[in-house]
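Everything below concerns the one structure shown next.
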Amino acid sequence: MRHVPFAFVTEDYGGPHSEQLAQDVGVARILLKPFTTEQLQSVVEELLSVGYLPDATQQLLRLDSEAFHRRHASVVASQLERKVAELERLAGLYKVLFQTTRAITRLTSPGELFPVICRIAVEHGHVQFAAIFRIDQDRRNVTVVARHGEDAGYLDEVRVSLDEADAIGRGPAGRALRSGTPVVNNDFLNDSTATPWRAAARRAGIGAVAAYPFYESGAVSGALLLYASAPGFFTAEMLPTLSEMAAEVSFALEHFAQEEERIREGKAIEDALDYNALLITSSPVGLITYKASGEVVSANEAAAKLVGGTVEQLKAQNFRKTESWKQSGLLNIAERVLATNSSMEDDVHIRSTTYGKDIWVTGRLVPFEYKSERHLLGIYSDITERVNAREALEESEGRFRALVEQQPLVGIFLIDDGKVLYQNPRADEIFGYEPGQLVGRTMESLTVAEDWPAAQREIRRVLAGEILALTLEVRGLRKDGQELQISVHGALGRSSGRPIIIGVLQDVTKLRRAEREAERHFAQLESAFMHTVEVATTLSEMRDPYTAGHERRVAELVVAIGVDLGFDEPAQKGLRVAGLLHDIGKIGIPAEICSKPGRLNALELELIRRHAQASYDILKDVEFPTPVAQIALQHHERMDGSGYPQGLKGEAILFEARLMAVADVVEAMASHRPYRAGLGIDKALEEIERGRGSAYDAVVVDACLRLFREKGYQLPHL
């Protein structure tokens with residue numbers, strides 16, 4: 001066959017080495033795909049032409065069979081040796097990347113990483129020596145912070161500047177640090193820019209230099225310098241590997257910075273929790289939390305002061321076994337709250353607390369769930385003074401005047417035809433008049449103009465018999481024009497056969513100020529709580545920058561779905577918190593897995609799937625008004641049982657978790673991910689519509705579709 005001319009047709013082997021091999025074995029012509037029919041026909045005609053053979057082919061024809069085969073074997077062996085050498089170089093480069101990645105996942109600081117990177121470059125990249133140059137941002141100079149290999153004192157002599165005008169700033173290191181791009185010099189000793197270092201480089205035996213910059217926070221912070229003894233050492237095959245090695249160093253530095261920030265954020269969370277505890281402790285309102293079984297979980301100083309005991313004594317109680325709860329009716333209220341799962345408020349008379357106090361309180365009991373257990377929050381305000389004032393009004397008429405003239409707490413009055421018929425000294429004092437000056441004055445003149453219409457309306461209702469008693473709060477006007485807050489209680493009476501209003505009034509200005517202060521404390525508590533949630537969300541996003549904003553967009557969408565389904569404001573707040581925290585468990589997954597651009601392997605997928613359980617484990621010990629931990633645990637469950645981690649089905653999945661599942665899927669599909677571009681909102685809606693009633697709750701899917709298709713809802717850009 002060697003006497004038959006033939007053409008070599010290929011689309012993969014078109015390099016100089018391949019062409020040489022083809023010619024060495026007697027190929028008459030090489031055709032690279034793609035080519036036209038006319039080109040092929042022309043080559044065939046040439047080969048069939050009488051007397052046409054390339055010189056290489058003619059030389060082969062003159063060899064006998066044994067010589068031809070020896071030559072052919074020699075050519076093939078040479079090519080194999082070249083390929084083996086090339087594969088060995090590639091294996092070395094891959095090992096450089098492997099060892100670099102391994103070091104990044106194992107080490108925790110630049111001080112640990114830099115010497116290891118230099119060692120890897122020398123041992124596996126086969127350079128003579130390597131060094132890390134870093135920029136001192138404060139001094140604007142460059143120093144060697146790590147090295148490996150035999151440099152014959154070169155690195156102790158070398159100086160590098162960031163100033164292009166300076167001769168020591170025009171070498172590979174200076175140019176790479178300024179430009180942020182790699183600089184490779186394969187003939188260093190003969191390069192004009194190497195003048196400042198030529199003598200030291202010659203002593204060290206340096207023939208080639210490569211400088212690869214790395215970044216921190218988006219700016220060049222240093223460079224990896226590689227020194228080889230042989231000129232031309234840094235081949236085209238090596239350069240991408242070295243670039244990737246520098247990129248891995250940049251990634252590691254960003255990771256180290258994020259880890260430092262995570263530690264700082266963790267400290268901020270601890271401080272926020274301490275601040276919340278301080279607010280609760282210092283609140284002027286009594287706060288006690290109970291288990292549904294009756295045990296006291298926590299109490300603040302205000303609650304202890306209210307009942308006359310200590311915090312430790314309160315925490316040792318069980319309200320189901322406390323006699324004062326049974327006698328005052330608080331136990332019945334607690335049972336109704338637990339039965340209806342709705343808060344209740346009432347004024348309660350505790351004739352004798354466990355510690356001997358007789359008090360009236362406004363008690364509000366609020367149910368909540370914590371660690372899958374039902375609890376109650378008790379909020380107590382002392383209203384003993386207000387109740388005593390009301391009871392004073394009910395004293396017999398025979399003792400009325402002596403009592404009202406002497407008591408200093410409340411103003412007592414009689415109103416006839418809208419005017420003051422009688423008032424006690426305390427009423428004079430409250431309004432700033434001398435004794436007797438209030439008689440004959442109209443109630444309208446003693447009331448702020450904006451509050452008078454409502455007060456007049458209530459007075460008329462009492463006089464008409466529509467209501468038995470008058471209870472209102474208005475802003476009063478003192479003689480000097482100063483406003484004050486007045487609490488008024490009255491009832492219908494008769495004087496000389498005429499209907500009159502008999503009542504008491506109390507200056508509650510200070511009390512209302514105290515109540516506003518208490519409300520402010522509660523607002524601070526809620527704000528601090530939400531800030532704590534935001535901090536946790538930010539920390540999670542920092543671990544996975546490619547999906548930053550996911551939790552916030554999910555939170556906005558799940559709240560919007562909740563609003564459409566009629567959730568009240570507290571429930572909406574609970575959904576928002578759950579949305580912000582549902583993926584908090586991803587904080588424990590290595591960032592390189594979260595941000596991996598390709599398909600996850602089985603182990604990586606399993607690690608990702610554990611984030612729901614991890615979120616639950618993080619949140620389960622935190623007291624939330626809504627079951628945030630369970631929502632986080634169940635947000636990947638599906639109605640047909642195909643979800644994880646528990647494989648729950650149907651009604652076994654919390655309704656809030658079903659909302660979260662739909663919101664999570666819509667946001668995830670619509671947004672970009674490391675392994676794919678965003679699919680868009682239409683694809684996301686098609687997915688939940690496809691799974692309506694099977695994977696996803698039909699009611700929730702309908703609400704979500706309604707939001708986007710009928711109400712024009714759009715995912716927020718955060």
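Residue numbering restarts at 1 in every chain; chains get A, B, ... in the order shown in the structure tokens, and ligands count up from 1 in that same order.
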Hey, what's within 7 Å of region 467-475 of chain A if we count only C-alpha atoms and toss same-chain stuff fewer than 3 positions away? As JSON, numbers by chain, please? {"A": [447, 448, 451, 458, 459, 461, 462, 483, 484, 485, 486, 487, 488, 489, 490, 491, 492]}
List every residue of region 509-706 of chain A that DSSP, applied to the backbone of this structure, places in alpha helix (DSSP H), and write the result as number ranges by chain. A: 509-543, 550-564, 569-581, 591-594, 602-609, 611-619, 628-634, 655-670, 681-690, 698-706
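The interatomic distance for the pair CA of Asn388 (chain A) and CA of Gly411 (chain A) works out to 12.9 Å.
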Would you mind listing what lies within 6 Å of Ile288 (chain A) as number ranges by chain, with only C-alpha atoms counted and same-chain residues fewer than 4 positions away left out? A: 298-299, 377-378
Write out as a short mmCIF file (atom, residue, chain, number, x, y, z; two decimals) with N, CA and C atoms, in the first residue's frame each polymer residue whose atoms come within 8 Å of Ile653 (chain A), counting only C-alpha atoms; drop sequence neighbours fewer than 4 positions from it.
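Listing of out23.cif after writing:
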data_model
loop_
_atom_site.label_atom_id
_atom_site.label_comp_id
_atom_site.auth_asym_id
_atom_site.auth_seq_id
_atom_site.Cartn_x
_atom_site.Cartn_y
_atom_site.Cartn_z
N GLN A 634 -39.94 22.24 56.64
CA GLN A 634 -40.88 21.61 55.70
C GLN A 634 -40.98 22.30 54.35
N GLU A 637 -40.97 20.05 51.40
CA GLU A 637 -41.93 18.94 51.35
C GLU A 637 -42.93 19.19 50.22
N MET A 639 -46.89 18.00 48.42
CA MET A 639 -48.20 17.47 48.79
C MET A 639 -48.31 15.98 48.52
N LEU A 648 -43.24 14.31 54.01
CA LEU A 648 -44.60 14.56 54.49
C LEU A 648 -45.56 14.70 53.31
N LYS A 649 -46.85 14.46 53.58
CA LYS A 649 -47.87 14.55 52.53
C LYS A 649 -49.04 15.38 53.02
N ALA A 657 -45.82 26.38 55.46
CA ALA A 657 -44.73 25.74 54.72
C ALA A 657 -45.14 25.51 53.27
N ARG A 658 -46.44 25.26 53.03
CA ARG A 658 -46.91 25.11 51.65
C ARG A 658 -46.78 26.43 50.89
#
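Of note, CA of Gly650 (chain A) and CA of Ala698 (chain A) are spaced 10.9 Å apart.
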Show which residues sit within 9 Å of region 155-160 of chain A, as an NGL selection string. Count only C-alpha atoms, and ignore same-chain residues fewer than 2 positions away. :A and (131 or 133 or 141-144 or 147 or 151-153 or 162-163 or 167-171 or 173-174 or 196-197 or 200)
Can you list, as a PDB file with N, CA, C and O atoms, in the first residue's frame, every protein, DNA or RNA residue that comes within 6 Å of Glu551 (chain A) when you count only C-alpha atoms, leaving out same-chain residues fewer than 3 positions away?
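To be explicit, this is the file written out as part22.pdb:
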ATOM      1  N   VAL A 554     -38.022  35.802  48.421  1.00  0.00           N
ATOM      2  CA  VAL A 554     -38.983  34.786  48.860  1.00  0.00           C
ATOM      3  C   VAL A 554     -39.867  35.343  49.970  1.00  0.00           C
ATOM      4  O   VAL A 554     -41.077  35.126  49.989  1.00  0.00           O
ATOM      5  N   GLY A 579     -39.639  33.560  55.803  1.00  0.00           N
ATOM      6  CA  GLY A 579     -39.038  33.700  54.484  1.00  0.00           C
ATOM      7  C   GLY A 579     -37.590  34.131  54.544  1.00  0.00           C
ATOM      8  O   GLY A 579     -36.744  33.646  53.799  1.00  0.00           O
ATOM      9  N   LEU A 580     -37.290  35.058  55.457  1.00  0.00           N
ATOM     10  CA  LEU A 580     -35.910  35.533  55.588  1.00  0.00           C
ATOM     11  C   LEU A 580     -34.983  34.463  56.129  1.00  0.00           C
ATOM     12  O   LEU A 580     -33.772  34.487  55.866  1.00  0.00           O
TER      13      LEU A 580
END
Using only C-alpha atoms, determine which residues lie at most 7 Å from Phe129 (chain A), disregarding the query and same-chain residues fewer than 6 positions distant; provide the list as a list of chain:residue names. A:Val122, A:His148, A:Gly149, A:Glu150, A:Asp151, A:Leu226, A:Tyr227
Take the residues that were just selected and, keeping N, CA, C and O atoms, output them as an mmCIF file, in the first residue's frame.
data_model
loop_
_atom_site.group_PDB
_atom_site.id
_atom_site.type_symbol
_atom_site.label_atom_id
_atom_site.label_comp_id
_atom_site.auth_asym_id
_atom_site.auth_seq_id
_atom_site.Cartn_x
_atom_site.Cartn_y
_atom_site.Cartn_z
ATOM 1 N N VAL A 122 6.484 25.167 43.277
ATOM 2 C CA VAL A 122 7.834 24.618 43.107
ATOM 3 C C VAL A 122 7.792 23.105 42.941
ATOM 4 O O VAL A 122 8.403 22.542 42.021
ATOM 5 N N HIS A 148 9.266 30.025 48.495
ATOM 6 C CA HIS A 148 9.666 28.614 48.560
ATOM 7 C C HIS A 148 10.616 28.347 47.393
ATOM 8 O O HIS A 148 10.451 28.878 46.297
ATOM 9 N N GLY A 149 11.628 27.489 47.645
ATOM 10 C CA GLY A 149 12.589 27.146 46.610
ATOM 11 C C GLY A 149 13.922 27.853 46.839
ATOM 12 O O GLY A 149 14.065 28.711 47.703
ATOM 13 N N GLU A 150 14.910 27.510 46.024
ATOM 14 C CA GLU A 150 16.258 28.057 46.142
ATOM 15 C C GLU A 150 16.394 29.302 45.267
ATOM 16 O O GLU A 150 16.390 29.224 44.041
ATOM 17 N N ASP A 151 16.478 30.482 45.927
ATOM 18 C CA ASP A 151 16.536 31.738 45.174
ATOM 19 C C ASP A 151 17.908 32.397 45.240
ATOM 20 O O ASP A 151 18.097 33.501 44.726
ATOM 21 N N LEU A 226 6.623 33.571 39.809
ATOM 22 C CA LEU A 226 7.197 32.265 39.533
ATOM 23 C C LEU A 226 8.493 32.459 38.751
ATOM 24 O O LEU A 226 8.527 33.200 37.751
ATOM 25 N N TYR A 227 9.579 31.793 39.185
ATOM 26 C CA TYR A 227 10.894 31.958 38.575
ATOM 27 C C TYR A 227 11.384 30.596 38.079
ATOM 28 O O TYR A 227 11.400 29.617 38.832
#
Under the rule that only C-alpha atoms are counted, which of A:Asn318, A:Ala389, A:Leu659, A:Lys305 is the nearest residue to Tyr355 (chain A)? A:Lys305
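For the set A:Arg198, A:Arg203, A:Arg609, A:Lys419, the residue with the smallest atom-to-atom gap to Gln456 (chain A) is A:Lys419, counting only C-alpha atoms.
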Please extract the residues of region 665-699 of chain A with a backbone DSSP assignment of strand (DSSP E or B) and present them as a list of chain:residue names. A:Arg673, A:Arg676, A:Arg692, A:Tyr696
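Here CA of Ala247 (chain A) is placed at a distance of 14.2 Å from CA of Ala121 (chain A).
Closest approach to Gln327 (chain A) among A:Val700, A:Leu107, A:Ala455, A:Ile350 is made by A:Ile350 (distances from only C-alpha atoms).
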